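Peer 1: Submitted below is the structure of interest, expressed as structure tokens.
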Amino acid sequence: MIPQSFDYTAPKSLEEALALMEGGERKILAGGMSLIPLMKLRLAQPAEVVDLGRVPGLDSITEVDGVVRIGAMTTHHAVETSPVIRAHCPLLVETAAQIGDVQVRNMGTMGGSIAHADPAADYPAALVALEARIHLVSAHSDRTVVAADFFQDAFTTAIEPGEIVLDIEVPKEPSNEGSRYEKFPHPASGFAVVGVAARIRKNGNGIAMARVGVTGMGTHAFRDRAAEELLEKGASIADAAAVVGSGEQPNADLFASADYRRHLARVHAVRALTAALSRAS
Amino acid sequence: MKVSGSYSVSVPQERAYALLQDPAVLTKCMPGCEGLDRVAENEYAMRMKMVLASISGNFSGKVRIGDANPPDSFRLIVEGSGKIGFMKGDGLLKLSPADAGTNVQFDGDVQVGGTIASVGQRLLDTTARMLIKKFFNRLATEVAQSGEQRLAAD
């Protein structure tokens, strides 16, 4: 349980960090909740670790022009307790509150979690449902990627070599909108066996807009557009939930078979959508 | 762990069969493969470096082609071991003509052991499927490029 020796650098400014990332095989340490255990098992053996913990400003949460900007080094606990996020993106608060355990939420960061892109992580479901944008910077580039394009495969994201996740831009949820994150946590790891994030905006008695984000089911989180469309065309929640994940081949492991995961996704979709609808006004 | 699936390749069946057994093509298409060296008829020594998120490891092993029944089916056996664990995959690939070329159907069994399996059980299935998908995506790219080269040569 002792990692292989490695060089450790803790840059004190973003410029310094970006300059470091230009060269070679360096691994970013954000919260360390995935990286450190892997290093201790020697599954990960980075030659050099760049700790972003001392770069000022990376954990700020600000709200400008209808967008909440969450710094990559914001801990899950900070997301869970931020008054700004609570007021404008309640779905994220609910999601962050269900991640892992207290220790992980105190140390783990949003940027670290999404850059790692575990197929069973919680944030991706909420971020694709919220149509959030991931802001990536390198020494010579600056771009944003929508969440649905950012998560490309298991542990694979749109991050290019040299790039760092700077912040996550989340559009404010309108106050008349209802949202909910429902997950079935793995009893040991706390990861989502399946997690469903739902958002609903009403139009009289009908549904004007629906968003469904699913994690844990496939190789990466995805938006279930078929279910969204059905809801927007007036289908019942039960009917829409019944198609969730239809195009996916669900993951299977010792804990949950593919069929069981598909079942869980549909059950949790019904729960998340029902709760979101009851919260919408 | 069972893996199965089907992919299509946009070349005729004989050509697809040859491509899938060509060590140069396999080297390019197998994720992480750094080289195949022929040790016997239909048997190759393999060097592999897997990089997945922060996990990385070197593997050495072999690739064997068995039960060759051109151009319809063959068995591909891949074995590898390294510091972080070992894996063995044994799959039957069946080729059949399809509208846009050839349909490749595979059914196989993958065994993974060592540290990587004991801590990564939850992710083995996902990862195996992702790697197989990558293999066929790269094969598609490879086919497209070789097609272009042939056109250029004509």
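Residue numbers start at 1 in each chain; chains themselves are named A, B, ... in the order of the structure tokens; ligands are numbered from 1 in the order shown.
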Using DSSP secondary structure from the backbone, list all alpha helix (DSSP H) positions within chain B, as JSON, numbers by chain.
Peer 2: {"B": [13, 14, 15, 16, 17, 18, 19, 20, 21, 23, 24, 25, 26, 27, 28, 29, 115, 116, 117, 118, 119, 120, 121, 122, 123, 124, 125, 126, 127, 128, 129, 130, 131, 132, 133, 134, 135, 136, 137, 138, 139, 140, 141, 142, 143, 144, 145, 146, 147, 148, 149, 150, 151, 152, 153]}
Peer 1: Mind listing as a list in words which residues of chain B are within 7 Å of chain A, counting only C-alpha atoms?
Peer 2: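 Listed by rising number, the hits are Leu52, Ala53, Ser54, Ile55, Ser56, Ile84, Gln121, Arg122, Asp125, Thr126 and Thr127 of chain B.
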Peer 1: Any chance you can output those residues with N, CA and C atoms as a PDB file, in the first residue's frame?
Peer 2:
```pdb
ATOM      1  N   LEU B  52      -5.466   3.597 -19.094  1.00  0.00           N
ATOM      2  CA  LEU B  52      -6.885   3.827 -18.938  1.00  0.00           C
ATOM      3  C   LEU B  52      -7.062   4.732 -17.729  1.00  0.00           C
ATOM      4  N   ALA B  53      -7.526   5.958 -17.965  1.00  0.00           N
ATOM      5  CA  ALA B  53      -7.595   6.945 -16.901  1.00  0.00           C
ATOM      6  C   ALA B  53      -6.226   7.020 -16.262  1.00  0.00           C
ATOM      7  N   SER B  54      -6.132   6.866 -14.949  1.00  0.00           N
ATOM      8  CA  SER B  54      -4.814   6.982 -14.342  1.00  0.00           C
ATOM      9  C   SER B  54      -4.136   5.624 -14.224  1.00  0.00           C
ATOM     10  N   ILE B  55      -4.851   4.582 -14.616  1.00  0.00           N
ATOM     11  CA  ILE B  55      -4.270   3.252 -14.516  1.00  0.00           C
ATOM     12  C   ILE B  55      -3.399   2.991 -15.731  1.00  0.00           C
ATOM     13  N   SER B  56      -2.197   2.484 -15.503  1.00  0.00           N
ATOM     14  CA  SER B  56      -1.405   2.094 -16.662  1.00  0.00           C
ATOM     15  C   SER B  56      -0.593   0.870 -16.283  1.00  0.00           C
ATOM     16  N   ILE B  84       0.329  -5.647 -12.802  1.00  0.00           N
ATOM     17  CA  ILE B  84      -0.943  -5.323 -12.172  1.00  0.00           C
ATOM     18  C   ILE B  84      -2.013  -6.393 -12.378  1.00  0.00           C
ATOM     19  N   GLN B 121     -13.361  -5.052 -10.176  1.00  0.00           N
ATOM     20  CA  GLN B 121     -14.407  -5.960 -10.630  1.00  0.00           C
ATOM     21  C   GLN B 121     -15.588  -5.209 -11.239  1.00  0.00           C
ATOM     22  N   ARG B 122     -15.978  -4.147 -10.564  1.00  0.00           N
ATOM     23  CA  ARG B 122     -17.143  -3.373 -10.964  1.00  0.00           C
ATOM     24  C   ARG B 122     -16.988  -2.798 -12.378  1.00  0.00           C
ATOM     25  N   ASP B 125     -16.418  -5.390 -16.973  1.00  0.00           N
ATOM     26  CA  ASP B 125     -17.331  -5.592 -18.088  1.00  0.00           C
ATOM     27  C   ASP B 125     -17.362  -4.352 -18.986  1.00  0.00           C
ATOM     28  N   THR B 126     -17.533  -3.185 -18.334  1.00  0.00           N
ATOM     29  CA  THR B 126     -17.560  -1.918 -19.063  1.00  0.00           C
ATOM     30  C   THR B 126     -16.295  -1.752 -19.886  1.00  0.00           C
ATOM     31  N   THR B 127     -15.152  -2.002 -19.227  1.00  0.00           N
ATOM     32  CA  THR B 127     -13.867  -1.777 -19.872  1.00  0.00           C
ATOM     33  C   THR B 127     -13.664  -2.747 -21.028  1.00  0.00           C
TER      34      THR B 127
END
```
Peer 1: When you look at Ala16 of chain B with a cut-off of 9 Å (counting only C-alpha atoms), what residues show up, excluding the ones that are within fewer than 3 positions of it in the same chain? I need them as a PDB file with N, CA and C atoms, in the first residue's frame.
Peer 2:
```pdb
ATOM      1  N   VAL B   9     -17.874  -4.601 -41.026  1.00  0.00           N
ATOM      2  CA  VAL B   9     -16.659  -4.101 -41.648  1.00  0.00           C
ATOM      3  C   VAL B   9     -16.994  -3.917 -43.126  1.00  0.00           C
ATOM      4  N   SER B  10     -16.594  -2.769 -43.680  1.00  0.00           N
ATOM      5  CA  SER B  10     -17.051  -2.450 -45.041  1.00  0.00           C
ATOM      6  C   SER B  10     -16.138  -2.995 -46.146  1.00  0.00           C
ATOM      7  N   VAL B  11     -15.740  -4.255 -46.024  1.00  0.00           N
ATOM      8  CA  VAL B  11     -14.983  -4.908 -47.101  1.00  0.00           C
ATOM      9  C   VAL B  11     -15.565  -6.307 -47.291  1.00  0.00           C
ATOM     10  N   PRO B  12     -15.318  -6.921 -48.459  1.00  0.00           N
ATOM     11  CA  PRO B  12     -15.841  -8.275 -48.678  1.00  0.00           C
ATOM     12  C   PRO B  12     -15.282  -9.269 -47.663  1.00  0.00           C
ATOM     13  N   GLN B  13     -15.975 -10.378 -47.519  1.00  0.00           N
ATOM     14  CA  GLN B  13     -15.658 -11.343 -46.466  1.00  0.00           C
ATOM     15  C   GLN B  13     -14.212 -11.865 -46.491  1.00  0.00           C
ATOM     16  N   LEU B  19      -7.711  -9.407 -43.125  1.00  0.00           N
ATOM     17  CA  LEU B  19      -7.366  -8.248 -42.291  1.00  0.00           C
ATOM     18  C   LEU B  19      -7.317  -8.627 -40.818  1.00  0.00           C
ATOM     19  N   LEU B  20      -8.325  -9.428 -40.387  1.00  0.00           N
ATOM     20  CA  LEU B  20      -8.433  -9.765 -38.970  1.00  0.00           C
ATOM     21  C   LEU B  20      -7.319 -10.712 -38.521  1.00  0.00           C
ATOM     22  N   GLN B  21      -6.575 -11.277 -39.484  1.00  0.00           N
ATOM     23  CA  GLN B  21      -5.477 -12.164 -39.096  1.00  0.00           C
ATOM     24  C   GLN B  21      -4.118 -11.557 -39.427  1.00  0.00           C
ATOM     25  N   PRO B  71     -13.283 -18.666 -45.332  1.00  0.00           N
ATOM     26  CA  PRO B  71     -13.280 -17.316 -44.754  1.00  0.00           C
ATOM     27  C   PRO B  71     -14.418 -17.112 -43.753  1.00  0.00           C
ATOM     28  N   LEU B  95     -17.637 -14.775 -39.520  1.00  0.00           N
ATOM     29  CA  LEU B  95     -17.845 -13.755 -40.550  1.00  0.00           C
ATOM     30  C   LEU B  95     -18.953 -14.187 -41.492  1.00  0.00           C
ATOM     31  N   GLY B 101     -20.854  -5.079 -46.686  1.00  0.00           N
ATOM     32  CA  GLY B 101     -19.546  -5.707 -46.543  1.00  0.00           C
ATOM     33  C   GLY B 101     -19.657  -7.011 -45.791  1.00  0.00           C
ATOM     34  N   THR B 102     -19.088  -7.005 -44.557  1.00  0.00           N
ATOM     35  CA  THR B 102     -19.044  -8.244 -43.805  1.00  0.00           C
ATOM     36  C   THR B 102     -19.528  -7.999 -42.385  1.00  0.00           C
ATOM     37  N   VAL B 104     -19.217  -9.223 -38.598  1.00  0.00           N
ATOM     38  CA  VAL B 104     -18.355 -10.019 -37.738  1.00  0.00           C
ATOM     39  C   VAL B 104     -19.070 -10.232 -36.412  1.00  0.00           C
ATOM     40  N   VAL B 143      -9.533   0.136 -42.485  1.00  0.00           N
ATOM     41  CA  VAL B 143     -10.132  -0.307 -43.739  1.00  0.00           C
ATOM     42  C   VAL B 143     -10.349   0.896 -44.662  1.00  0.00           C
TER      43      VAL B 143
END
```
Peer 1: How many Å separate atom CA of Glu14 of chain B from atom CA of Asn103 of chain B?
Peer 2: 11.7 Å
Peer 1: Choose the residue, out of A:Gly23, A:Gly190, A:Pro185, A:Gly234, that has the smallest atom-to-atom separation from Gly204 of chain A; count only C-alpha atoms.
Peer 2: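 So, comparing all the options, the nearest one is A:Gly234.
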Peer 1: From the options B:Tyr7, B:Tyr44, B:Pro97, B:Gly85, which residue's atoms come nearest to Gly120 of chain B, counting only C-alpha atoms?
Peer 2: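 Once distances to Gly120 of chain B are computed over only C-alpha atoms, the minimum belongs to B:Gly85.
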Peer 1: Pick out the residues sitting within 7 Å of Asp51 of chain A, and hand them over as number ranges by chain; count only C-alpha atoms, and ignore anything fewer than 2 positions along from it in its own chain.
Peer 2: A: 9-10, 28-30, 49, 53
Peer 1: Among chain B, which ones does DSSP place in strand (DSSP E or B), written as a VMD selection string?
Peer 2: chain B and resid 2 to 9 33 to 40 43 to 52 55 to 69 73 to 82 85 to 98 101 to 113
Peer 1: Convert the current residue selection to file output with C-alpha atoms, as a PDB file, in the first residue's frame.
Peer 2:
```pdb
ATOM      1  CA  LYS B   2     -18.783 -13.584 -21.342  1.00  0.00           C
ATOM      2  CA  VAL B   3     -18.450 -11.035 -24.082  1.00  0.00           C
ATOM      3  CA  SER B   4     -20.315 -11.021 -27.346  1.00  0.00           C
ATOM      4  CA  GLY B   5     -21.396  -8.647 -30.032  1.00  0.00           C
ATOM      5  CA  SER B   6     -21.356  -7.971 -33.696  1.00  0.00           C
ATOM      6  CA  TYR B   7     -19.743  -5.320 -35.816  1.00  0.00           C
ATOM      7  CA  SER B   8     -19.721  -4.655 -39.510  1.00  0.00           C
ATOM      8  CA  VAL B   9     -16.659  -4.101 -41.648  1.00  0.00           C
ATOM      9  CA  CYS B  33      -0.644  -3.076 -28.504  1.00  0.00           C
ATOM     10  CA  GLU B  34       2.939  -2.030 -29.124  1.00  0.00           C
ATOM     11  CA  GLY B  35       4.020  -4.911 -31.285  1.00  0.00           C
ATOM     12  CA  LEU B  36       3.483  -8.490 -32.367  1.00  0.00           C
ATOM     13  CA  ASP B  37       6.427 -10.749 -33.141  1.00  0.00           C
ATOM     14  CA  ARG B  38       5.844 -13.959 -35.015  1.00  0.00           C
ATOM     15  CA  VAL B  39       7.001 -16.975 -32.980  1.00  0.00           C
ATOM     16  CA  ALA B  40       5.274 -19.752 -34.934  1.00  0.00           C
ATOM     17  CA  GLU B  43       1.251 -17.436 -33.035  1.00  0.00           C
ATOM     18  CA  TYR B  44       2.679 -14.079 -32.016  1.00  0.00           C
ATOM     19  CA  ALA B  45       4.390 -12.665 -28.947  1.00  0.00           C
ATOM     20  CA  MET B  46       2.726  -9.432 -27.886  1.00  0.00           C
ATOM     21  CA  ARG B  47       3.872  -6.332 -26.063  1.00  0.00           C
ATOM     22  CA  MET B  48       1.126  -4.151 -24.684  1.00  0.00           C
ATOM     23  CA  LYS B  49       0.828  -0.968 -22.685  1.00  0.00           C
ATOM     24  CA  MET B  50      -2.614  -0.290 -21.348  1.00  0.00           C
ATOM     25  CA  VAL B  51      -3.432   3.242 -20.317  1.00  0.00           C
ATOM     26  CA  LEU B  52      -6.885   3.827 -18.938  1.00  0.00           C
ATOM     27  CA  ILE B  55      -4.270   3.252 -14.516  1.00  0.00           C
ATOM     28  CA  SER B  56      -1.405   2.094 -16.662  1.00  0.00           C
ATOM     29  CA  GLY B  57       0.460  -1.136 -16.953  1.00  0.00           C
ATOM     30  CA  ASN B  58       2.728  -3.060 -19.260  1.00  0.00           C
ATOM     31  CA  PHE B  59       1.667  -6.500 -20.344  1.00  0.00           C
ATOM     32  CA  SER B  60       3.448  -9.156 -22.280  1.00  0.00           C
ATOM     33  CA  GLY B  61       1.739 -12.165 -23.690  1.00  0.00           C
ATOM     34  CA  LYS B  62       0.780 -13.902 -26.848  1.00  0.00           C
ATOM     35  CA  VAL B  63      -1.826 -13.894 -29.553  1.00  0.00           C
ATOM     36  CA  ARG B  64      -2.827 -17.141 -31.186  1.00  0.00           C
ATOM     37  CA  ILE B  65      -5.118 -17.890 -34.077  1.00  0.00           C
ATOM     38  CA  GLY B  66      -6.804 -21.276 -34.000  1.00  0.00           C
ATOM     39  CA  ASP B  67      -9.536 -23.334 -35.616  1.00  0.00           C
ATOM     40  CA  ALA B  68      -9.029 -21.389 -38.826  1.00  0.00           C
ATOM     41  CA  ASN B  69     -11.874 -22.022 -41.215  1.00  0.00           C
ATOM     42  CA  SER B  73     -14.624 -18.306 -38.760  1.00  0.00           C
ATOM     43  CA  PHE B  74     -11.551 -18.512 -36.570  1.00  0.00           C
ATOM     44  CA  ARG B  75     -10.655 -18.434 -32.931  1.00  0.00           C
ATOM     45  CA  LEU B  76      -8.573 -15.600 -31.483  1.00  0.00           C
ATOM     46  CA  ILE B  77      -6.800 -16.303 -28.213  1.00  0.00           C
ATOM     47  CA  VAL B  78      -5.105 -13.439 -26.413  1.00  0.00           C
ATOM     48  CA  GLU B  79      -3.135 -13.880 -23.207  1.00  0.00           C
ATOM     49  CA  GLY B  80      -1.246 -11.267 -21.287  1.00  0.00           C
ATOM     50  CA  SER B  81       0.264 -10.722 -17.882  1.00  0.00           C
ATOM     51  CA  GLY B  82       1.964  -7.866 -16.134  1.00  0.00           C
ATOM     52  CA  GLY B  85      -2.669  -8.521 -13.235  1.00  0.00           C
ATOM     53  CA  PHE B  86      -3.263 -10.960 -16.001  1.00  0.00           C
ATOM     54  CA  MET B  87      -5.915 -11.554 -18.626  1.00  0.00           C
ATOM     55  CA  LYS B  88      -6.914 -14.272 -20.985  1.00  0.00           C
ATOM     56  CA  GLY B  89      -9.432 -13.888 -23.747  1.00  0.00           C
ATOM     57  CA  ASP B  90     -10.696 -16.603 -26.018  1.00  0.00           C
ATOM     58  CA  GLY B  91     -13.175 -15.690 -28.701  1.00  0.00           C
ATOM     59  CA  LEU B  92     -14.761 -17.215 -31.754  1.00  0.00           C
ATOM     60  CA  LEU B  93     -15.191 -14.780 -34.638  1.00  0.00           C
ATOM     61  CA  LYS B  94     -17.745 -15.637 -37.286  1.00  0.00           C
ATOM     62  CA  LEU B  95     -17.845 -13.755 -40.550  1.00  0.00           C
ATOM     63  CA  SER B  96     -20.819 -13.557 -42.815  1.00  0.00           C
ATOM     64  CA  PRO B  97     -21.606 -11.423 -45.849  1.00  0.00           C
ATOM     65  CA  ALA B  98     -23.787  -8.382 -45.210  1.00  0.00           C
ATOM     66  CA  GLY B 101     -19.546  -5.707 -46.543  1.00  0.00           C
ATOM     67  CA  THR B 102     -19.044  -8.244 -43.805  1.00  0.00           C
ATOM     68  CA  ASN B 103     -20.688  -8.860 -40.508  1.00  0.00           C
ATOM     69  CA  VAL B 104     -18.355 -10.019 -37.738  1.00  0.00           C
ATOM     70  CA  GLN B 105     -20.039 -11.820 -34.877  1.00  0.00           C
ATOM     71  CA  PHE B 106     -17.943 -12.714 -31.854  1.00  0.00           C
ATOM     72  CA  ASP B 107     -18.588 -14.777 -28.756  1.00  0.00           C
ATOM     73  CA  GLY B 108     -15.927 -15.094 -26.182  1.00  0.00           C
ATOM     74  CA  ASP B 109     -14.872 -15.525 -22.632  1.00  0.00           C
ATOM     75  CA  VAL B 110     -12.508 -13.144 -20.859  1.00  0.00           C
ATOM     76  CA  GLN B 111     -10.761 -13.929 -17.601  1.00  0.00           C
ATOM     77  CA  VAL B 112      -8.989 -11.244 -15.625  1.00  0.00           C
ATOM     78  CA  GLY B 113      -7.056 -11.793 -12.435  1.00  0.00           C
TER      79      GLY B 113
END
```
Peer 1: Do a neighbour search on segment 178-182 of chain A at 6 Å with only C-alpha atoms, toss out local chain neighbours closer than 2 positions, and write the hits as a PyMOL selection string.
Peer 2: chain A and resi 91+95+195-200+268+272+276-277+279-280
Peer 1: Please provide as JSON, numbers by chain all residues within 9 Å of Glu63 of chain A, with the sequence filter that same-chain residues fewer than 5 positions apart are discarded (counting only C-alpha atoms).
Peer 2: {"A": [68, 69, 70, 84, 85, 88, 172]}
